[in-house]
Structures are given as C-alpha cells and as structure tokens.
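Some notes on the structure that comes next.
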Amino acid sequence: MEAFSQLLQQLYFTSSSNEKSRLLRHYLAHTADPDRGWAIAALAGTLKFEFFKRNAVKNLMLERVDPDLFAMSYDYVGEMSETVAHLWPDAPTNIELPGLAELIDQFRQANREQVKALLVYYLSGMTAEQRWSLLKLGTRGLRVGLSARSVKRILAEYGDVPVSEIETLWHALKPPYRELFDWLEGRAEKPDIAGAVTFHPVMLSHPLPEDKATQLAVEDWQVEYKYDGIRVQLVITEQGKALYSRTGDDISESFPDVLAGIEEPGVIDGELLVINDGKIDSFNALQQRLNRKKPSKKLIAERPAGIVVYDLLTDNDEDITPLPLTIRRQRLEHFLSRASANHLLVSPLLPVSSNAQLQQTYANAAEDTGVEGLMLKRKDSSYEPGRPSGQWYKWKREALHLDAVVMYAQRGHGKRSSFYSDFTFGVWQDDTLLPIGKAYSGFTDEELRKLDNWVRRNAVGRFGPVREVKKELVVEVAFDAIHPSTRHKSGVALRFPRFHRIRWDKPASEADTLANARALIIE
Amino acid sequence: MQADKWLQPRDNGLYCVAADCYIDPTVPVNRALITHGHADHAIGGHHCVVATAPTIAIMRTRYGEDMAQTVEALDYGHTIELGDPDDPVSCTFYPAGHILGSAQILLSYRGTRVVISGDYKRQPDPTCPPFTAINCDVFITEATFALPVFKHPPIEQECKKLLQSLALFPERCHLVGVYALGKCQRVILSLRALGYHQPIYLHGAQRRLCDLYEEHGINLGELTDVADVADKSELAGEIVLAPPSALSDRWSRSLPEVRKAMASGWMQIRARAHQRQVELPLIVSDHCDWRSLLDTIDEVSPGEVWITHGREDALLHQLTTQGVKARALSLIGYDEDATD
C-alpha cells in the first residue's frame with residue numbers, strides 16, 4: 001500500500017503523459033503480483049466495489065473534530081478525501097501497511113461494522129498522503145489523470161505489444177491480471193479468451209484528401225452517411241453482452257436500452273444515436289444521454305438510444321473480419337433480420353453511379369441534421385484494426401465559420417504551460433459579448449507565440465488562472481456544427497471549435513452576432 | 001489603560017493613538033514600526049521607520065537608501081519611549097522567528113502590555129533567533145494557516161523530496177518557486193544541511209537578498225545567477241530558485257525540461273498546487289501551522305487575543321470554545337499568498 005500511495009501522489013502531480021507512463025511502468029516492474037494487478041484495476045476503473053461510503057468517512061471524522069472547524073476546513077480545501085486526510089489526528093508512529101491486495105481483501109471480507117473499525121485503524125496509522133490514497137481508492141474516485149485507455153497504452157508499452165492486443169484481451173481478463181503480466185513479461189502465451197465478451201479493436205478511416213474526391217472510381221466504393229453520434233461496438237456471445245466505446249471502455253451501464261432486446265450472437269460496429277421510432281435524432285439529443293452514467297427510466301423513454309449499424313465483425317462466433325466489405329455487408333443484413341431488433345437500423349447504402357452523383361450526394365448530406373458527411377469504404381476492404389491507408393475515407397461536410405472576439409485566455413498544459421493557448425471567444429448581442437465556445441487548436445507554433453504575446457500585452461483582469469483580455473482580437477473559428485444549448489448563457493454550443501484564421505486586421509465591432517450564429521443551426 | 005482605547009485597527013494598518021504611530025502600515029505615514037521586511041508589511045516612503053537593523057537593511061535593499069527620511073534601528077530586548085515624554089508608550093522588539101530581522105513588538109502604556117507578533121513561526125530557522133513568548137495582556141496574532149488541516153512538516157523532510165526527485169529525474173531542471181525573502185535562503189540552508197553542495201542557481205530577483213543574508217553572516221554556499229549561464233542546457237539536473245511568479249513565465253522557457261516545484265505552506269492543498277501546475281509541491285512555511293498557533297497562544301497565555309489576517313473565523317471559533325477571550329481585527333492589505 002505504501003508503494004501504491006506513492007505512485008498515486010506522483011501520478012497526481014505529473015502532467016506529461018510520457019512521464020506518467022514512466023512512473024507506472026517503474027511501479028509495475030518493482031511491484032509483485034497480485035498487488036500490481038489490483039493497482040491496475042484501481043487506476044483503470046475495473047475495481048468494481050466500494051469499500052465504504054463517503055458519508056461513513058465523514059461521520060467518523062465528525063466524531064474526532066469540532067463540526068464547525070470541519071465545515072470551515074472542508075469549505076477551504078474543497079474536497080472530502082483531502083480534508084479528512086489532513087484533519088485526521090496523526091498517530092505518534094505510522095503502522096506498517098499490508099500490500100494493496102491484502103488491504104483490498106480485508107475491506108472486501110469485512111461487514112459494515114468491521115469496515116468502520118478497519119477504516120479507523122488504517123486512517124490512524126497512516127500519513128496524510130496515504131490517507132488520501134486509501135479514501136480515494138475506497139470510494140473508487142482516484143482521478144489521478146489517467147484514463148482506462150492510457151492504462152492500456154502503458155501496459156502495451158510495458159510489454160512491448162500493440163495496444164490493440166491489450167484492448168482485445170482487456171474485458172475478458174479480471175483483476176489482478178496475473179495471466180496478463182505473465183504474457184507481457186514473456187513467461188506465458190497470450191491468454192486464451194475464446195468465447196469471452198470482449199472488445200475488438202476497431203477499423204478507422206482517413207479524411208478524404210481534397211484531390212481524391214473527383215478521381216474516385218465510384219464503382220469500387222461503398223458510400224454511406226457519416227453519422228453524428230459516437231462510434232460503438234455491441235458484443236453478444238453465449239456468455240453475455242456488452243457495449244463498448246471506440247476506445248474499448250465498457251459503457252453498458254449507461255445504455256441498458258441498447259443491450260435489451262437483442263440476443264443474436266455477434267459483434268456489430270456502428271454509430272450510437274438517439275433513435276425515436278426509427279427516426280434518428282441530433283447529436284444534441286444524444287448529448288443528454290452521454291452526460292448520464294446511469295440514466296433514469298424517464299430519460300430512456302424520452303431519448304431512446306439505438307445503433308445505426310455499418311459492419312459485422314463476428315457472425316454467430318465466426319470471425320468474418322477477413323472477408324471483403326460487400327460480403328460482410330450481406331452477412332450484416334442477414335444478421336439484423338434474424339435479430340429483428342427495432343433499435344438497430346442498418347446504415348443505408350447510397351446509390352452512386354457517377355462522380356457527379358457523388359458530389360451531389362455530398363452536397364445533400366450537408367442539409368441533414370443527424371449526418372456530418374459521407375463515408376467512403378472500398379468494397380473489397382477487409383476489417384483491419386487501426387487506420388490502414390487507402391481503405392476507408394471520411395468526407396466531412398464543410399466546417400462552419402464565425403468571426404468571434406477573444407474574451408479570455410488560459411495557459412495550456414505540458415509543453416504549453418508557459419503559453420496562453422486556451423481561448424474563450426464570444427459574439428455580439430447588441431453591445432455585449434456573449435461567450436460561445438473555447439478553442440485551443442488550429443494555430444501554428446508561430447501563431448501561438450504571437451497570441452501569447454498579445455494576451456500578455458492586452459490582459460485587463462485575472463480570475464485565478466484565467467486572464468481576461470481587451471475585447472479587440474477577432475478570430476475566425478471553424479466548427480462542425482452548432483446546437484441550441486440550455487447550459488450556456490449564449491444559448492448555443494459549438495461542436496469541435498478550432499481557430500481557422502486569426503484576423504489581426506479586423507475590428508472587434510465587425511465580428512459576428514449571436515443572431516448570425518443562430519442562423520447556422522440546422523433544425 | 002484598556003488596550004482598545006489606545007491601539008486601533010484603521011484602514012492603513014494598526015494605529016497606536018498614544019504614540020501617534022502605525023505598525024506595518026500599508027501606505028506611507030509619519031512614523032511606522034515595522035515587524036519585518038516582507039513587502040506587505042514594509043513599504044517605502046514613510047517619514048520615520050523604527051525596525052531592527054536587518055529589517056532596515058532589507059528595506060534599503062528593496063526601496064533604496066532613501067526608503068525613509070529617518071530610521072531608528074532597535075535591537076531585540078532594547079526599549080525606547082514613544083509619544084508624550086510625560087505619558088510615554090514604551091516599545092520593545094523581541095524575536096519572531098519568521099525571517100531575518102523579524103520582530104514582535106511589545107507596546108506598553110499605562111500598565112497595559114500588548115504584543116504585536118507580526119508574522120511568526122515556531123519551527124527552527126537558522127537565519128533568525130527563535131520566537132520568544134512574552135507575557136502580555138493582549139496578544140495580536142496572524143492567522144494565515146489557522147485551520148486544523150494545516151500541518152507543516154519539518155523543512156528537511158520537504159527538501160529531501162527535492163533531492164530525491166533530482167535523483168529520479170537527473171535530466172530535468174528543477175525549478176523551485178520560492179519567495180525571495182526568507183523562504184529562498186531557508187531552502188538553500190536546508191539543502192546545504194542535507195549535504196547538497198552543488199551550485200544553486202538563482203533567478204535575478206533572488207540575488208540581492210541572498211547577498212544581504214551573506215552580509216549578515218549567513219553562509220549560503222555557491223550561488224550562480226541563471227543569467228550568467230551561457231548554455232542553459234547545463235541546467236539539466238540542477239536546482240534553480242525563482243520567484244513563484246516566474247514559474248509559468250516566459251523566463252522559464254529557456255530552461256531544459258523543467259520540473260516545477262514550489263516551496264510554500266499552501267502546497268499542502270492539492271488544488272493550490274494544481275492551479276500553479278506544480279509537479280513537486282514542497283510544504284515549507286514561515287508561518288505557524290494550526291497546532292503551533294494554539295500552542296503559542298497557550299504558552300503566551302494573554303488576557304485577550306486579537307487576530308489580524310488569515311483564517312480568523314476558525315481561530316476565533318477555537319479560542320472562544322476554549323474560553324479564551326478573542327476578537328478579529330479584520331485588517332486589510334496583508335497578502336499572505338504572496339509571501340508564503
């Protein structure tokens with residue numbers, strides 16, 4: 001537990017992902033099984049139970065400190081685990097702690113009363129940092145800036161294997177991951193996961209190069225809409241089912257309605273969207289589902305989720321990824337008719353017989369709200385994880401643009417930590433600027449230096465790390481879409497805003513208005 | 001005579017009516033008694049300044065030789081009389097253990113004794129004599145870290161963390177944010193005591209005060225200005241001390257693979273460290289933590305406690321609960337963030 005606590009402290013305060021990887025790999029190399037496996041589980045969020053509730057911790061604390069002083073301390077520190085870690089009375093000497101695995105086991109075996117006693121015993125014998133680690137671990141809220149995805153990437157680096165192999169194995173393995181480490185350290189074969197419910201690494205597309213659009217031999221390409229949802233994979237085997245995000249996170253809990261009503265074994269690849277009676281809703285509707293880890297029945301009824309399916313990887317236990325797309329497509333259609341689940345729609349093939357027709361289809365796609373362009377896939381393409389070249393293209397509809405005024409700037413992270421690189425910008429409503437978005441990309445390093453310099457010379461106020469600047473610099477921002485939003489004062493939200501051009505020449509008074517912005521919303 | 005009749009909190013600082021002088025005023029005044037040289041307590045431009053000799057030297061270093069019209073240096077333990085010679089306020093300085101030259105000021109008038117402790121700490125500090133508890137009727141204390149969450153570890157423990165990090169990341173330049181007066185020199189001395197005898201590199205803003213400490217017989221070892229290092233890549237694996245404001249400034253861009261550290265009592269709070277993007281927080285404070293504030297008040301055992309700046313609510317609550325008579329003065333203008 002000492003080593004794990006130290007690891008958490010280091011990870012918490014390190015911002016560079018390379019450095020985090022180095023720290024975690026160092027820990028893995030110097031920590032024995034099963035402790036390190038439980039550490040991985042805690043970091044990647046696969047530790048599936050809580051040791052204790054936050055409220056139990058608070059009550060134990062209140063038995064030891066004046067409630068007013070507790071309230072003032074909590075108010076100042078702003079976070080429960082840290083407040084308790086500092087406030088808990090220090091013992092004259094710290095106790096020797098068990099390994100992480102044993103500690104987890106003790107809490108898992110304990111009943112409610114025993115949990116209290118254990119908690120008191122450990123908190124009283126620990127340093128403040130260790131207390132913080134225990135409380136974070138026990139309430140499953142580590143937040144040390146490592147996603148499950150990064151943990152998998154680091155494991156891949158540790159064993160020098162492709163990350164896709166870790167992703168494939170991941171959901172079939174359970175903590176403390178002994179067989180995984182045995183394989184990563186070369187002592188055993190890759191774990192056998194036949195038949196398990198597990199993620200299959202996905203195939204990705206490249207943006208369509210500009211010159212390519214007019215040269216495609218259309219007869220070799222399958223043309224579909226590119227949907228404005230999130231990419232998911234639905235896995236159904238004899239052993240169970242699960243819904244995964246594109247990066248292999250298990251999101252089944254958030255979308256019980258997607259998992260319900262389908263039993264046909266297979267692995268399907270598609271776009272998660274809100275689908276009402278066979279009609280696709282906008283990304284904005286989906287956003288409300290994405291924000292909820294566990295949606296209410298009411299929300300599910302109002303915003304039912306479904307999938308627009310575009311590929312089939314496994315058909316009733318048979319791996320069909322080596323087959324050409326056209327064949328997979330036929331298998332997919334049969335699969336869906338067998339499954340007869342009305343929240344699974346097949347992605348329609350768009351009839352394109354000439355290049356001119358392709359251009360027209362592309363133009364039409366821009367008018368559709370649930371769609372953000374076209375997908376072009378070679379008909380003979382096998383399903384190959386990663387981003388193989390020349391096989392699949394995305395042809396996104398043209399970005400939208402607005403001239404906005406820079407209002408606030410904030411320093412970036414890592415290499416950019418001395419540069420003002422995160423910008424909030426707004427548009428006019430009468431003579432007031434209303435913020436409509438934030439962007440931190442789309443400029444060159446040279447432009448970043450100029451922007452940074454401009455912010456320093458034109459700062460007028462400071463709110464913590466945020467600098468307010470003179471409302472004088474206009475930037476042309478590009479974004480994929482604009483939606484109505486009740487969460488923003490301006491009433492609109494931009495999708496993927498980035499800098500397009502910096503208009504050093506343009507007076508702020510000539511920037512766009514909120515009315516201009518609203519006019520770009522596709523109803 | 002009851003203390004609040006002749007000593008009052010005003011907009012510009014604590015004012016002694018009976019001696020017509022301010023203690024640590026925040027604007028230029030006719031006569032100022034100065035507890036210590038930090039910029040939020042000692043400003044330039046007063047007509048007459050009474051302070052310890054090192055504090056006067058610090059003020060001259062910062063504000064020039066003409067920082068006041070007249071100065072009166074007062075040694076610890078010596079007494080002068082202020083105000084009406086027939087009805088004087090006697091004034092004595094005692095060590096506060098905060099930084100070089102820091103003093104508590106005992107004012108005594110018509111039989112009532114008030115100690116204005118300024119900023120003080122109880123941890124050992126080789127750059128100044130330790131805080132002395134003075135018997136008094138009213139003890140005026142700061143409350144910068146007056147919450148029970150604050151516990152200041154020994155400085156050695158924190159400086160060891162810095163040396164361990166240096167061993168773990170030998171290719172990275174360790175840039176440590178330290179306040180130029182007091183914290184900087186204390187961190188250097190602690191590193192030296194831990195056996196670190198490499199040159200320590202200084203941001204330009206740290207130099208003059210380090211020289212001043214040297215002049216006062218405090219040996220800081222070999223110090224090199226970053227500005228004098230032609231090839232900044234040589235600073236990989238070295239310790240550079242800079243003001244906190246320089247941590248994320250353009251100045252730091254020339255340094256190789258910076259690992260940001262900061263030595264401050266606030267570093268105990270994660271959000272504070274995160275906000276400054278500090279990777280290596282070092283909890284080093286020149287103030288009292290909660291326990292030592294309470295212990296000090298217990299030791300001084302005054303009739304009454306007045307609380308100046310900081311988290312006065314918590315301290316007031318605690319003292320009231322303990323049955324100690326206390327009040328908050330709500331003095332404004334003391335910026336504890338800047339100096340710790």
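So you can find residues: chains in the structure tokens are A, B, ... in the order shown, residues in each start at 1, and ligands are numbered from 1 in order.
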
Which residues of chain B have any atom within 7 Å of an atom in chain A when counting only C-alpha atoms, and what is the closest pair of atoms for each, with the distance in Å to one decimal? Order the rows by chain and rising number and write it as a Markdown table.
| residue | atom | partner | partner_atom | distance |
| --- | --- | --- | --- | --- |
| B:Leu147 | CA | A:Ser73 | CA | 6.2 |
| B:Pro148 | CA | A:Leu87 | CA | 6.1 |
| B:Val149 | CA | A:His86 | CA | 4.8 |
| B:Ser248 | CA | A:Ser418 | CA | 4.8 |
| B:Asp249 | CA | A:Ser418 | CA | 5.5 |
| B:Arg250 | CA | A:Ser418 | CA | 6.0 |
| B:Ile269 | CA | A:Val77 | CA | 6.6 |
| B:Gln275 | CA | A:Pro465 | CA | 6.9 |
| B:Val278 | CA | A:Phe13 | CA | 6.9 |
| B:Glu279 | CA | A:Phe13 | CA | 4.6 |
| B:Leu280 | CA | A:Phe13 | CA | 6.8 |
| B:Ala314 | CA | A:Leu69 | CA | 6.2 |

Checklist entry - What's the 10 Å shell around Pro385 in chain A, counting only C-alpha atoms, without same-chain residues fewer than 6 positions away, as JSON, numbers by chain? => result {"A": [164, 200, 201, 202, 203, 204, 321]}

Checklist entry - DSSP on the backbone: what in range 406-453 of chain A comes out strand (DSSP E), as a ChimeraX atom specification? => result /A:406-411,420-429,432-439

Item to check | Picked from range 91-199 of chain A by DSSP as helix (DSSP H, G or I), as a ChimeraX atom specification | outcome: /A:100-109,112-125,128-138,148-159,163-170,178-184

Item to check | Interatomic distance (Å, one decimal) between CA of Arg149 in chain A and CA of Ala188 in chain A | outcome: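 Atom-to-atom, CA of Arg149 in chain A to CA of Ala188 in chain A, that is 24.1 Å.
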
Checklist entry - For Asp286 in chain B, which of B:Thr132, B:Thr52, B:Thr141, B:Ser102 is the closest residue, counting only C-alpha atoms? => result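 Looking only at the distances to Asp286 in chain B, the closest residue turns out to be B:Ser102.
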
Next on the checklist: Just checking: using only C-alpha atoms, which residue out of B:Leu166, B:Ala205, B:Leu293, B:Met262 ends up closest to Glu238 in chain B?
Outcome noted: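 With only C-alpha atoms as the atom set, the closest residue is B:Leu166.
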
Checklist entry - Taking only C-alpha atoms into account, which of B:Leu255, B:Val115, B:Leu223, B:Leu100 comes nearest Cys173 in chain B? => result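 Comparing B:Leu255, B:Val115, B:Leu223, B:Leu100 against Cys173 in chain B, the winner is B:Leu255.
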